[in-house]
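Asks: Sharing final.cif here; it has mmCIF, C-alpha atoms.
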```cif
data_structure
#
loop_
_atom_site.label_atom_id
_atom_site.label_comp_id
_atom_site.auth_asym_id
_atom_site.auth_seq_id
_atom_site.Cartn_x
_atom_site.Cartn_y
_atom_site.Cartn_z
CA MET T 1026 0.00 0.00 0.00
CA ILE T 1027 2.96 2.29 0.44
CA PHE T 1028 3.59 1.86 -3.29
CA LEU T 1029 0.40 3.84 -4.03
CA ASN T 1030 2.51 6.88 -3.11
CA ASP T 1031 -0.39 8.84 -1.62
CA GLY T 1032 1.53 10.15 1.39
CA GLY T 1033 0.49 7.17 3.49
CA VAL T 1034 -3.29 7.75 3.48
CA THR T 1035 -4.21 4.23 2.36
CA PHE T 1036 -1.41 2.70 4.45
CA SER T 1037 -2.55 4.45 7.62
CA HIS T 1038 -6.18 3.51 6.96
CA TRP T 1039 -5.37 -0.19 6.75
CA GLY T 1040 -2.74 0.15 9.48
CA HIS T 1041 -5.50 1.42 11.74
CA PHE T 1042 -7.67 -1.55 10.71
CA MET T 1043 -4.88 -4.04 11.42
CA GLY T 1044 -4.11 -2.39 14.75
CA THR T 1045 -7.65 -2.16 16.11
CA ASN T 1046 -9.87 -4.81 14.50
CA PRO T 1047 -10.66 -7.40 17.19
CA VAL T 1048 -10.45 -10.34 14.75
CA ILE T 1049 -7.01 -9.26 13.54
CA ARG T 1050 -5.82 -8.61 17.09
CA THR T 1051 -6.90 -12.13 18.09
CA LEU T 1052 -5.07 -13.59 15.09
CA GLU T 1053 -2.06 -11.52 16.13
CA ILE T 1054 -1.90 -13.46 19.40
CA GLY T 1055 -1.88 -16.66 17.35
CA LEU T 1056 0.90 -15.28 15.16
CA VAL T 1057 3.09 -14.31 18.11
CA ALA T 1058 2.43 -17.66 19.81
CA GLY T 1059 3.17 -19.45 16.54
CA PHE T 1060 6.50 -17.67 16.21
CA LEU T 1061 7.46 -18.44 19.83
CA ILE T 1062 6.50 -22.13 19.51
CA HIS T 1063 8.38 -22.39 16.21
CA ILE T 1064 11.50 -20.81 17.74
CA VAL T 1065 11.46 -22.94 20.90
CA GLN T 1066 10.71 -26.12 18.96
CA GLY T 1067 13.47 -25.28 16.46
CA ILE T 1068 16.02 -24.83 19.24
CA LEU T 1069 14.99 -28.10 20.90
CA LEU T 1070 15.21 -29.89 17.53
CA MET T 1071 18.67 -28.48 16.90
CA LYS T 1072 19.81 -29.62 20.36
CA LYS T 1073 18.46 -33.16 19.81
CA ASN T 1074 20.04 -33.39 16.37
CA ARG T 1075 23.42 -32.17 17.60
CA ASP T 1076 23.33 -34.69 20.44
CA SER T 1077 22.72 -37.44 17.90
CA ARG T 1078 26.29 -37.04 16.65
CA PRO T 1079 28.50 -36.40 19.70
CA VAL T 1080 31.77 -36.99 17.79
CA ARG T 1081 31.96 -34.81 14.68
CA TYR T 1082 33.50 -35.83 11.38
CA GLN T 1083 36.98 -34.53 10.59
CA VAL T 1084 36.17 -34.05 6.91
CA VAL T 1085 32.68 -33.33 5.56
CA ALA T 1086 31.77 -32.79 1.93
CA PRO T 1087 27.99 -32.39 1.90
CA ALA T 1088 27.78 -30.15 -1.17
CA PRO T 1089 27.07 -32.98 -3.66
CA ASN T 1090 24.22 -34.44 -1.60
CA SER T 1091 22.23 -31.47 -0.30
CA THR T 1092 21.72 -27.72 -0.65
CA TRP T 1093 23.49 -25.37 1.77
CA TYR T 1094 20.27 -23.65 2.79
CA SER T 1095 18.54 -26.93 3.69
CA ARG T 1096 21.45 -27.62 6.05
CA SER T 1097 21.47 -24.06 7.42
CA MET T 1098 17.89 -23.63 8.63
CA GLY T 1099 19.14 -23.04 12.18
CA LEU T 1100 21.53 -20.30 11.07
CA LEU T 1101 18.95 -18.69 8.76
CA GLY T 1102 16.37 -18.88 11.55
CA THR T 1103 18.75 -17.19 13.99
CA LEU T 1104 19.40 -14.37 11.52
CA LEU T 1105 15.63 -14.04 11.08
CA LEU T 1106 15.13 -13.89 14.84
CA LEU T 1107 17.69 -11.08 15.16
CA PHE T 1108 15.97 -9.27 12.31
CA LEU T 1109 12.57 -9.83 13.88
CA ILE T 1110 13.76 -8.35 17.19
CA LEU T 1111 15.08 -5.26 15.39
CA HIS T 1112 11.94 -4.95 13.28
CA THR T 1113 9.49 -5.22 16.19
CA ALA T 1114 11.65 -2.81 18.22
CA HIS T 1115 11.33 -0.31 15.37
CA PHE T 1116 7.58 -0.46 14.83
CA TRP T 1117 5.40 -3.01 16.54
CA ILE T 1118 6.56 -2.65 20.15
CA PRO T 1119 6.52 1.22 20.30
CA ASN T 1120 3.14 1.29 18.54
CA ARG T 1121 1.49 -1.28 20.79
CA ALA T 1122 3.08 0.33 23.88
CA ASN T 1123 1.68 3.71 22.86
CA GLN T 1124 -1.76 2.18 22.15
CA PHE T 1125 -1.68 0.60 25.59
CA ALA T 1126 -0.60 3.79 27.33
CA THR T 1127 -2.64 6.43 25.49
CA GLY T 1128 -5.00 4.53 23.20
CA GLU T 1129 -3.54 6.41 20.26
CA GLU T 1130 -1.64 4.84 17.39
CA LEU T 1131 1.66 6.23 16.19
CA ASN T 1132 2.16 7.61 12.70
CA LEU T 1133 3.79 4.47 11.38
CA TYR T 1134 4.14 5.86 7.88
CA GLN T 1135 6.24 8.77 9.10
CA MET T 1136 8.25 6.38 11.30
CA MET T 1137 9.03 4.25 8.24
CA LEU T 1138 10.19 7.30 6.30
CA ASP T 1139 12.45 8.34 9.19
CA ILE T 1140 13.90 4.89 9.96
CA PHE T 1141 14.49 3.91 6.33
CA ALA T 1142 16.54 7.05 5.70
CA ASP T 1143 19.48 5.23 7.32
CA PRO T 1144 21.29 3.11 4.69
CA LEU T 1145 22.62 0.74 7.37
CA ILE T 1146 19.12 -0.13 8.57
CA VAL T 1147 17.93 -0.57 4.98
CA ALA T 1148 20.84 -2.98 4.38
CA VAL T 1149 19.96 -4.99 7.50
CA TYR T 1150 16.31 -5.19 6.37
CA ILE T 1151 17.37 -6.43 2.94
CA LEU T 1152 19.62 -9.09 4.52
CA GLY T 1153 16.70 -10.11 6.75
CA CYS T 1154 14.50 -10.55 3.69
CA ILE T 1155 17.20 -12.59 1.92
CA SER T 1156 17.43 -14.89 4.97
CA LEU T 1157 13.65 -15.20 4.88
CA ALA T 1158 13.75 -16.19 1.21
CA TRP T 1159 16.25 -19.03 1.77
CA HIS T 1160 14.42 -20.13 4.94
CA LEU T 1161 11.12 -20.39 3.06
CA LEU T 1162 12.70 -21.99 -0.01
CA HIS T 1163 13.48 -25.05 2.09
CA GLY T 1164 10.79 -24.64 4.73
CA PHE T 1165 7.69 -24.58 2.54
CA TRP T 1166 7.99 -27.95 0.77
CA SER T 1167 9.74 -29.40 3.83
CA ALA T 1168 6.62 -28.81 5.93
CA PHE T 1169 4.55 -30.78 3.43
CA GLN T 1170 7.09 -33.63 3.43
CA THR T 1171 7.10 -33.79 7.24
CA LEU T 1172 3.31 -33.96 7.29
CA GLY T 1173 3.53 -36.86 4.87
CA LEU T 1174 2.01 -34.86 2.02
CA ASN T 1175 4.24 -36.10 -0.76
CA HIS T 1176 2.52 -37.27 -3.91
CA GLN T 1177 3.86 -37.50 -7.44
CA ARG T 1178 0.83 -35.67 -8.74
CA TYR T 1179 1.13 -32.69 -6.38
CA ASN T 1180 4.89 -32.44 -5.72
CA ALA T 1181 5.48 -30.15 -8.70
CA ILE T 1182 2.75 -27.69 -7.67
CA ILE T 1183 3.91 -27.69 -4.03
CA HIS T 1184 7.46 -26.91 -5.15
CA PHE T 1185 6.26 -24.23 -7.56
CA ILE T 1186 4.10 -22.46 -4.96
CA GLY T 1187 6.86 -22.76 -2.36
CA THR T 1188 9.48 -21.26 -4.67
CA ALA T 1189 7.17 -18.47 -5.85
CA PHE T 1190 6.18 -17.66 -2.26
CA ALA T 1191 9.83 -17.66 -1.14
CA ILE T 1192 10.74 -15.15 -3.86
CA VAL T 1193 7.69 -12.88 -4.11
CA VAL T 1194 6.97 -12.24 -0.42
CA PRO T 1195 10.55 -11.38 0.70
CA LEU T 1196 11.00 -9.30 -2.45
CA LEU T 1197 7.91 -7.19 -1.68
CA PHE T 1198 9.06 -6.86 1.94
CA ALA T 1199 12.51 -5.73 0.82
CA LEU T 1200 11.08 -3.23 -1.67
CA MET T 1201 9.44 -1.21 1.12
CA PRO T 1202 12.63 0.07 2.79
CA ILE T 1203 14.32 0.34 -0.61
CA ALA T 1204 11.51 2.43 -2.06
CA MET T 1205 11.56 4.75 0.94
CA TYR T 1206 15.32 5.09 1.01
CA PHE T 1207 15.47 6.11 -2.64
CA ASN T 1208 12.46 8.42 -2.23
CA TRP T 1209 10.38 6.49 -4.77
CA VAL T 1210 7.60 7.06 -2.26
CA ASN T 1211 7.46 9.87 0.26
CA MET U 2 49.31 -45.13 -7.38
CA LYS U 3 50.66 -43.60 -4.24
CA LEU U 4 48.19 -42.47 -1.60
CA THR U 5 48.31 -40.84 1.81
CA LEU U 6 45.67 -42.32 4.09
CA LYS U 7 44.41 -40.61 7.23
CA ILE U 8 42.66 -43.37 9.11
CA TRP U 9 40.75 -43.22 12.42
CA ARG U 10 42.32 -45.64 14.93
CA GLN U 11 40.51 -46.44 18.15
CA LYS U 12 41.33 -49.38 20.38
CA ASN U 13 37.83 -49.92 21.74
CA ASN U 14 34.66 -48.10 22.70
CA ASN U 15 36.09 -46.82 25.96
CA SER U 16 39.32 -45.40 24.59
CA LYS U 17 39.89 -42.12 22.82
CA GLY U 18 40.66 -42.47 19.13
CA GLU U 19 42.91 -40.46 16.85
CA PHE U 20 43.89 -40.19 13.21
CA LYS U 21 47.00 -42.00 12.01
CA THR U 22 48.62 -41.27 8.67
CA TYR U 23 49.81 -44.08 6.41
CA VAL U 24 51.63 -43.76 3.09
CA HIS U 25 50.42 -46.49 0.74
CA ASP U 26 52.42 -46.87 -2.48
CA HIS U 27 51.21 -50.28 -3.71
CA VAL U 28 47.81 -49.20 -5.00
CA SER U 29 46.45 -50.26 -8.38
CA PRO U 30 43.59 -48.25 -9.91
CA ASP U 31 41.77 -51.57 -10.49
CA MET U 32 41.67 -52.44 -6.80
CA SER U 33 38.46 -52.02 -4.90
CA PHE U 34 38.66 -49.72 -1.89
CA LEU U 35 38.55 -52.68 0.49
CA GLU U 36 41.31 -54.51 -1.42
CA MET U 37 43.42 -51.40 -1.05
CA LEU U 38 42.88 -51.62 2.74
CA ASP U 39 43.65 -55.38 2.64
CA VAL U 40 47.04 -54.65 1.08
CA LEU U 41 47.68 -51.92 3.67
CA ASN U 42 46.81 -54.39 6.45
CA GLU U 43 49.13 -57.08 5.06
CA GLY U 44 51.96 -54.58 5.25
CA LEU U 45 50.98 -53.63 8.81
CA VAL U 46 50.83 -57.29 9.92
CA LYS U 47 54.27 -57.96 8.41
CA LYS U 48 55.63 -55.01 10.35
CA GLY U 49 54.04 -56.42 13.50
CA GLU U 50 51.50 -53.59 13.83
CA GLU U 51 47.80 -53.91 14.55
CA PRO U 52 45.86 -54.03 11.23
CA VAL U 53 43.07 -51.51 10.55
CA HIS U 54 39.72 -53.03 11.47
CA PHE U 55 36.82 -52.44 9.08
CA ASP U 56 33.49 -54.13 8.36
CA HIS U 57 32.99 -56.15 5.18
CA ASP U 58 31.33 -59.35 4.06
CA CYS U 59 29.95 -60.14 0.60
CA ARG U 60 32.06 -57.58 -1.29
CA GLU U 61 29.53 -57.53 -4.09
CA GLY U 62 27.33 -54.67 -2.90
CA ILE U 63 24.35 -56.60 -1.52
CA CYS U 64 24.96 -57.34 2.15
CA GLY U 65 25.19 -53.85 3.63
CA MET U 66 28.10 -54.74 5.89
CA CYS U 67 30.77 -52.36 4.59
CA SER U 68 30.73 -48.75 5.72
CA LEU U 69 33.51 -46.11 5.88
CA TYR U 70 33.13 -42.34 5.67
CA ILE U 71 35.59 -41.48 2.89
CA ASN U 72 36.67 -37.89 2.25
CA GLY U 73 33.56 -36.50 3.89
CA ARG U 74 31.00 -38.80 2.25
CA PRO U 75 29.57 -42.22 3.20
CA HIS U 76 30.82 -44.99 0.89
CA GLY U 77 33.07 -42.43 -0.81
CA PRO U 78 32.51 -40.22 -3.85
CA LEU U 79 30.18 -42.56 -5.77
CA GLN U 80 26.60 -43.54 -4.92
CA THR U 81 27.57 -47.15 -4.22
CA THR U 82 28.79 -49.38 -1.42
CA THR U 83 32.44 -49.09 -0.39
CA CYS U 84 33.19 -52.60 -1.69
CA GLN U 85 32.03 -51.51 -5.15
CA LEU U 86 34.17 -48.36 -5.06
CA HIS U 87 37.43 -48.66 -7.00
CA MET U 88 40.67 -46.78 -6.68
CA ARG U 89 40.25 -45.35 -10.18
CA SER U 90 37.81 -42.93 -8.54
CA PHE U 91 40.79 -41.33 -6.80
CA LYS U 92 43.81 -39.42 -8.08
CA ASP U 93 47.43 -40.47 -7.73
CA GLY U 94 49.03 -38.73 -4.77
CA GLU U 95 45.67 -37.94 -3.15
CA THR U 96 45.16 -37.78 0.61
CA ILE U 97 42.13 -39.83 1.66
CA THR U 98 40.53 -39.40 5.08
CA ILE U 99 38.73 -42.51 6.32
CA GLU U 100 36.39 -42.26 9.32
CA PRO U 101 33.81 -44.56 10.88
CA TRP U 102 30.07 -43.72 10.72
CA ARG U 103 29.52 -41.06 13.36
CA ALA U 104 26.29 -41.26 15.36
CA ALA U 105 25.35 -41.59 19.01
CA ALA U 106 23.33 -44.67 18.03
CA PHE U 107 26.33 -46.25 16.23
CA PRO U 108 29.09 -46.56 18.86
CA VAL U 109 32.59 -47.34 17.57
CA VAL U 110 33.63 -50.91 18.32
CA LYS U 111 37.20 -50.64 17.03
CA ASP U 112 38.89 -48.42 14.43
CA LEU U 113 36.39 -48.13 11.57
CA VAL U 114 33.95 -50.76 12.86
CA VAL U 115 30.71 -49.42 14.39
CA ASP U 116 27.91 -51.25 16.17
CA ARG U 117 24.83 -51.02 13.96
CA SER U 118 22.64 -53.30 16.09
CA ALA U 119 20.36 -50.28 16.70
CA PHE U 120 19.00 -51.06 13.22
CA ASP U 121 18.37 -54.68 14.22
CA ARG U 122 16.45 -53.58 17.30
CA ILE U 123 14.28 -51.23 15.21
CA GLN U 124 13.57 -54.09 12.82
CA GLN U 125 12.77 -56.40 15.72
CA ALA U 126 10.35 -53.83 17.15
CA GLY U 127 7.91 -54.37 14.30
CA GLY U 128 9.54 -54.91 10.92
CA TYR U 129 7.92 -58.27 10.24
CA VAL U 130 4.59 -59.98 9.65
CA SER U 131 3.68 -62.03 12.68
CA VAL U 132 0.24 -63.24 11.62
CA ASN U 133 0.12 -66.65 10.01
CA THR U 134 -0.43 -66.01 6.34
CA GLY U 135 -0.72 -69.65 5.33
CA GLY U 136 0.99 -71.28 2.37
CA VAL U 137 2.21 -69.49 -0.73
CA PRO U 138 -0.88 -68.14 -2.51
CA ASP U 139 -1.46 -68.81 -6.20
CA GLY U 140 0.01 -66.28 -8.57
CA ASN U 141 -2.27 -63.25 -8.98
CA ALA U 142 -4.61 -64.54 -6.24
CA ILE U 143 -3.95 -61.31 -4.34
CA PRO U 144 -4.19 -58.50 -6.88
CA ILE U 145 -1.44 -55.89 -6.43
CA ALA U 146 -0.91 -53.14 -8.96
CA LYS U 147 2.44 -53.36 -10.74
CA LYS U 148 3.40 -49.83 -9.65
CA ILE U 149 2.67 -50.64 -6.00
CA ALA U 150 4.59 -53.91 -6.17
CA ASP U 151 7.54 -52.06 -7.72
CA GLU U 152 7.41 -49.36 -5.05
CA ALA U 153 7.41 -51.98 -2.28
CA MET U 154 10.29 -53.81 -3.95
CA ASP U 155 12.29 -50.57 -4.23
CA ALA U 156 11.81 -49.97 -0.50
CA ALA U 157 12.78 -53.58 0.26
CA ALA U 158 16.08 -53.04 -1.59
CA CYS U 159 17.44 -51.32 1.55
CA ILE U 160 20.45 -53.29 2.82
CA GLY U 161 20.63 -51.46 6.17
CA CYS U 162 24.21 -50.24 5.74
CA GLY U 163 23.55 -47.00 7.63
CA ALA U 164 24.88 -44.60 4.99
CA CYS U 165 21.67 -42.55 5.45
CA VAL U 166 22.50 -41.99 9.12
CA ALA U 167 26.14 -41.26 8.29
CA ALA U 168 25.23 -38.77 5.56
CA CYS U 169 22.53 -36.96 7.55
CA LYS U 170 23.67 -33.83 9.37
CA ASN U 171 21.28 -34.87 12.16
CA ALA U 172 22.31 -38.57 12.19
CA SER U 173 18.68 -39.42 11.54
CA ALA U 174 17.60 -42.95 10.65
CA MET U 175 14.36 -41.90 8.97
CA LEU U 176 15.29 -43.26 5.53
CA PHE U 177 16.13 -46.72 6.87
CA VAL U 178 13.06 -46.96 9.11
CA SER U 179 10.75 -45.58 6.43
CA ALA U 180 12.00 -48.14 3.89
CA LYS U 181 11.32 -50.95 6.37
CA VAL U 182 7.86 -49.53 7.16
CA SER U 183 7.04 -48.94 3.50
CA GLN U 184 7.85 -52.43 2.25
CA TYR U 185 4.95 -53.69 4.39
CA ALA U 186 2.70 -50.63 4.29
CA LEU U 187 2.37 -50.93 0.52
CA LEU U 188 1.39 -54.61 0.43
CA PRO U 189 -1.78 -56.36 1.64
CA GLN U 190 0.19 -58.76 3.86
CA GLY U 191 1.40 -55.83 5.94
CA GLN U 192 -1.99 -54.22 6.54
CA PRO U 193 -3.27 -56.06 9.67
CA GLU U 194 -0.32 -54.82 11.75
CA SER U 195 0.50 -51.58 9.93
CA LYS U 196 -0.48 -49.15 12.71
CA GLU U 197 1.18 -51.11 15.46
CA ARG U 198 4.29 -51.55 13.29
CA VAL U 199 4.91 -47.89 12.55
CA GLU U 200 4.35 -46.81 16.16
CA LYS U 201 6.69 -49.44 17.59
CA MET U 202 9.43 -48.92 15.02
CA VAL U 203 9.38 -45.12 15.40
CA ALA U 204 9.40 -45.47 19.20
CA GLN U 205 12.42 -47.76 18.99
CA MET U 206 14.15 -45.37 16.57
CA ASP U 207 13.73 -42.51 19.07
CA GLU U 208 14.86 -44.78 21.90
CA GLU U 209 18.14 -45.48 20.08
CA GLY U 210 19.03 -41.77 19.98
CA PHE U 211 18.90 -41.04 16.26
CA GLY U 212 18.27 -37.43 15.22
CA ALA U 213 15.18 -35.97 13.59
CA CYS U 214 14.63 -35.49 9.86
CA THR U 215 14.98 -31.94 8.47
CA ASN U 216 14.50 -32.99 4.83
CA THR U 217 17.94 -32.09 3.48
CA LYS U 218 17.71 -35.13 1.16
CA ALA U 219 21.36 -36.05 1.82
CA CYS U 220 20.32 -39.64 2.65
CA GLU U 221 18.58 -40.12 -0.68
CA ALA U 222 21.60 -38.74 -2.56
CA GLU U 223 24.04 -41.07 -0.78
CA CYS U 224 21.96 -44.28 -0.48
CA PRO U 225 23.71 -47.05 -2.45
CA LYS U 226 20.29 -48.64 -3.10
CA SER U 227 18.57 -45.40 -4.18
CA ILE U 228 15.89 -45.49 -1.48
CA LYS U 229 13.67 -42.43 -2.00
CA ILE U 230 12.47 -39.89 0.58
CA THR U 231 8.91 -40.55 -0.59
CA ASN U 232 9.23 -43.43 1.88
CA ILE U 233 9.84 -40.92 4.69
CA ALA U 234 6.65 -39.05 3.75
CA ARG U 235 4.79 -42.36 3.65
CA MET U 236 6.04 -43.27 7.12
CA ASN U 237 5.01 -39.84 8.44
CA ARG U 238 1.55 -40.38 6.94
CA GLU U 239 1.31 -43.84 8.47
CA TYR U 240 2.48 -42.51 11.82
CA TYR U 241 0.00 -39.61 12.00
CA SER U 242 -2.92 -41.74 10.88
CA SER U 243 -1.96 -44.35 13.45
CA MET U 244 -1.65 -41.72 16.21
CA PHE U 245 -5.14 -40.43 15.50
CA THR U 246 -6.91 -43.73 14.93
CA ASN U 247 -5.06 -46.52 16.74
CA TYR U 248 -6.46 -47.15 20.20
CA GLU U 249 -5.35 -50.73 20.70
CA VAL U 250 -1.62 -50.38 21.24
CA THR U 251 0.36 -48.95 24.08
CA VAL U 252 3.90 -48.26 22.93
CA SER U 253 6.60 -49.02 25.45
CA GLY U 254 9.58 -48.22 23.21
CA GLY U 255 11.42 -51.20 24.62
CA GLY U 256 11.32 -53.17 21.42
CA ASP U 257 9.09 -55.84 22.89
#
```
Once more with this new file: its structure as structure tokens, please.

Replies:
Amino acid sequence: MIFLNDGGVTFSHWGHFMGTNPVIRTLEIGLVAGFLIHIVQGILLMKKNRDSRPVRYQVVAPAPNSTWYSRSMGLLGTLLLLFLILHTAHFWIPNRANQFATGEELNLYQMMLDIFADPLIVAVYILGCISLAWHLLHGFWSAFQTLGLNHQRYNAIIHFIGTAFAIVVPLLFALMPIAMYFNWVN
Amino acid sequence: MKLTLKIWRQKNNNSKGEFKTYVHDHVSPDMSFLEMLDVLNEGLVKKGEEPVHFDHDCREGICGMCSLYINGRPHGPLQTTTCQLHMRSFKDGETITIEPWRAAAFPVVKDLVVDRSAFDRIQQAGGYVSVNTGGVPDGNAIPIAKKIADEAMDAAACIGCGACVAACKNASAMLFVSAKVSQYALLPQGQPESKERVEKMVAQMDEEGFGACTNTKACEAECPKSIKITNIARMNREYYSSMFTNYEVTVSGGGD
């Protein structure tokens, strides 16, 4: 919505909807809980899997048998977590804190314009989105496989949707700070 | 050919192992990898040293006894068993690092020999048909689609060598267990006990201390018998459906 370039009118309208609608706010609890469960479960999984090989190999050459990002979900997830902390500290936490204290929402559009004037922050956001892309590229189809949903007839479509999702969503996310930094929208 | 071998030497399960370097200059490119080690061992015995212990049996790629983690990959650079790997796959003057399978569930017995009886215990937990199925039925008396029969046969090709565990960054045994579950899950003879089987075998797998699957597909790429990860999805399906619908079995995880 920021790409409409209307000075944030549409963005703020829907921002207000997302910040106050009771259905969305309930779903938000689910989202936060989902993130926390995913993070905790991921850490426990990593611990279990590391314990399964107490003595490491001296030489490993996994490149011919698997992709680096499928082996690096823990690392990519950690980068995402750091990004998520920064991102919520920028917008979500101050906004919700202000809503709680005064009942008023902050001007998020103006905050975006201010924060994304710093090239360092823009670079960190882009790196966060790149991590997200690799994380989803393995994570999407992997979730289907773990749930046992692997079928010759549907594998191609699952992989296609997963790849498209992993490219389109992070790209749109990354375009927001980029567009603001280069004053494509203001 | 002249090779430098870095080989893991470990006296027994209680002792700490270390790498020892051997220079081997009597290697023919036509030798199999195990023959190359045989020649090395002959030299060691003549010198009065302890030979390098490694697992082997049929030496024709069907028994699943040989192992060895060679230059960072199970069974070496080719998708085959170590006994079917030949020295022509290596370059003259190369340094080759040879390690045992590394997994908590596969303790080192001596040098390159590991104890893979965890696989036997998983198999014993449910990888069989215990109901009396009578005599051999007439051909085509039980209709099974060709594709399904082929799929079951492909799963049954697993020789239980453990390369999947060795290749997996999590030391997970999902490919092995799923092949053993699938070979029954696909066929009518396996149906009466299918739910009980998958629950018991998965419980035993967890009991043994194998890691969890994160779908990197390394196992599939390294498996000398080309077992597919579709088997893992099938086992997951079987497991979930059993969890939600099976009320008859209490799983102890003790393999009994």

Asks: Kindly provide, as a PyMOL selection string, the residues of chain U having any atom no farther than 7 Å from an atom of chain T, counting all atoms listed in the file.

Replies: chain U and resi 72-74+103-105+171-172+210-213+216-219+222-223+231+234-235+237-238

Asks: Which neighbours of Gln190 (chain U) fall inside 12 Å, counting all atoms listed in the file, when residues of the same chain fewer than 4 positions from it are skipped, and could you give them as a list in words?

Replies: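 Close residues of Gln190 (chain U): Tyr129, Val130, Ser131, Val132, Asn133, Thr134, Gly135, Val137, Pro138, Ile143, Pro144, Ile145, Ala150, Ala153, Ser183, Gln184, Tyr185, Ala186, Glu194 and Ser195 of chain U.
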
Asks: Using all atoms listed in the file, which of T:Leu1052, T:Ala1199, T:Pro1119, T:Leu1162 sits nearest Ile1183 (chain T)?

Replies: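 Closest candidate: T:Leu1162.
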
Asks: Starting from the PyMOL selection byres ((chain U and resi 208) around 12), expand the selection into actual residues of this file and give them as a list in words.

Replies: Ser1077 of chain T; Ala105, Ala106, Ala119, Phe120, Arg122, Ile123, Ala126, Ala174, Lys201, Met202, Val203, Ala204, Gln205, Met206, Asp207, Glu209, Gly210, Phe211, Gly212, Val252, Ser253, Gly254, Gly255 and Gly256 of chain U

Asks: Taking 3 positions as the minimum chain separation for residues in the same chain, which residues sit within 7 Å of region 1139-1143 of chain T when counting all atoms listed in the file? Answer as a list in words.

Replies: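 That gives Gln1135, Met1136, Ile1146, Val1147, Pro1202, Met1205 and Tyr1206 of chain T.
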
Asks: Mind telling me what the PyMOL selection byres ((chain T and resi 1027) around 12) catches here, as JSON, numbers by chain?

Replies: {"T": [1026, 1028, 1029, 1030, 1031, 1032, 1033, 1034, 1035, 1036, 1037, 1038, 1039, 1040, 1133, 1134, 1135, 1137, 1138, 1197, 1198, 1200, 1201, 1202, 1203, 1204, 1205, 1208, 1209, 1210, 1211]}

Asks: For Glu36 (chain U), work out the shell of residues within 12 Å, counting all atoms listed in the file and skipping chain neighbours fewer than 3 positions away, then give it as a list in words.

Replies: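 Listed by chain and then number, they are His27, Val28, Ser29, Pro30, Asp31, Met32, Ser33, Asp39, Val40, Leu41, Asn42, Glu43, Phe55, His57, Arg60, Thr83, Cys84, Gln85, Leu86, His87 and Met88 of chain U.
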
Asks: At what distance in Å, to one decimal, does CA of Leu1152 (chain T) lie from CA of Leu1101 (chain T)?

Replies: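 If I compute the distance from CA of Leu1101 (chain T) to CA of Leu1152 (chain T), I get 10.5 Å.
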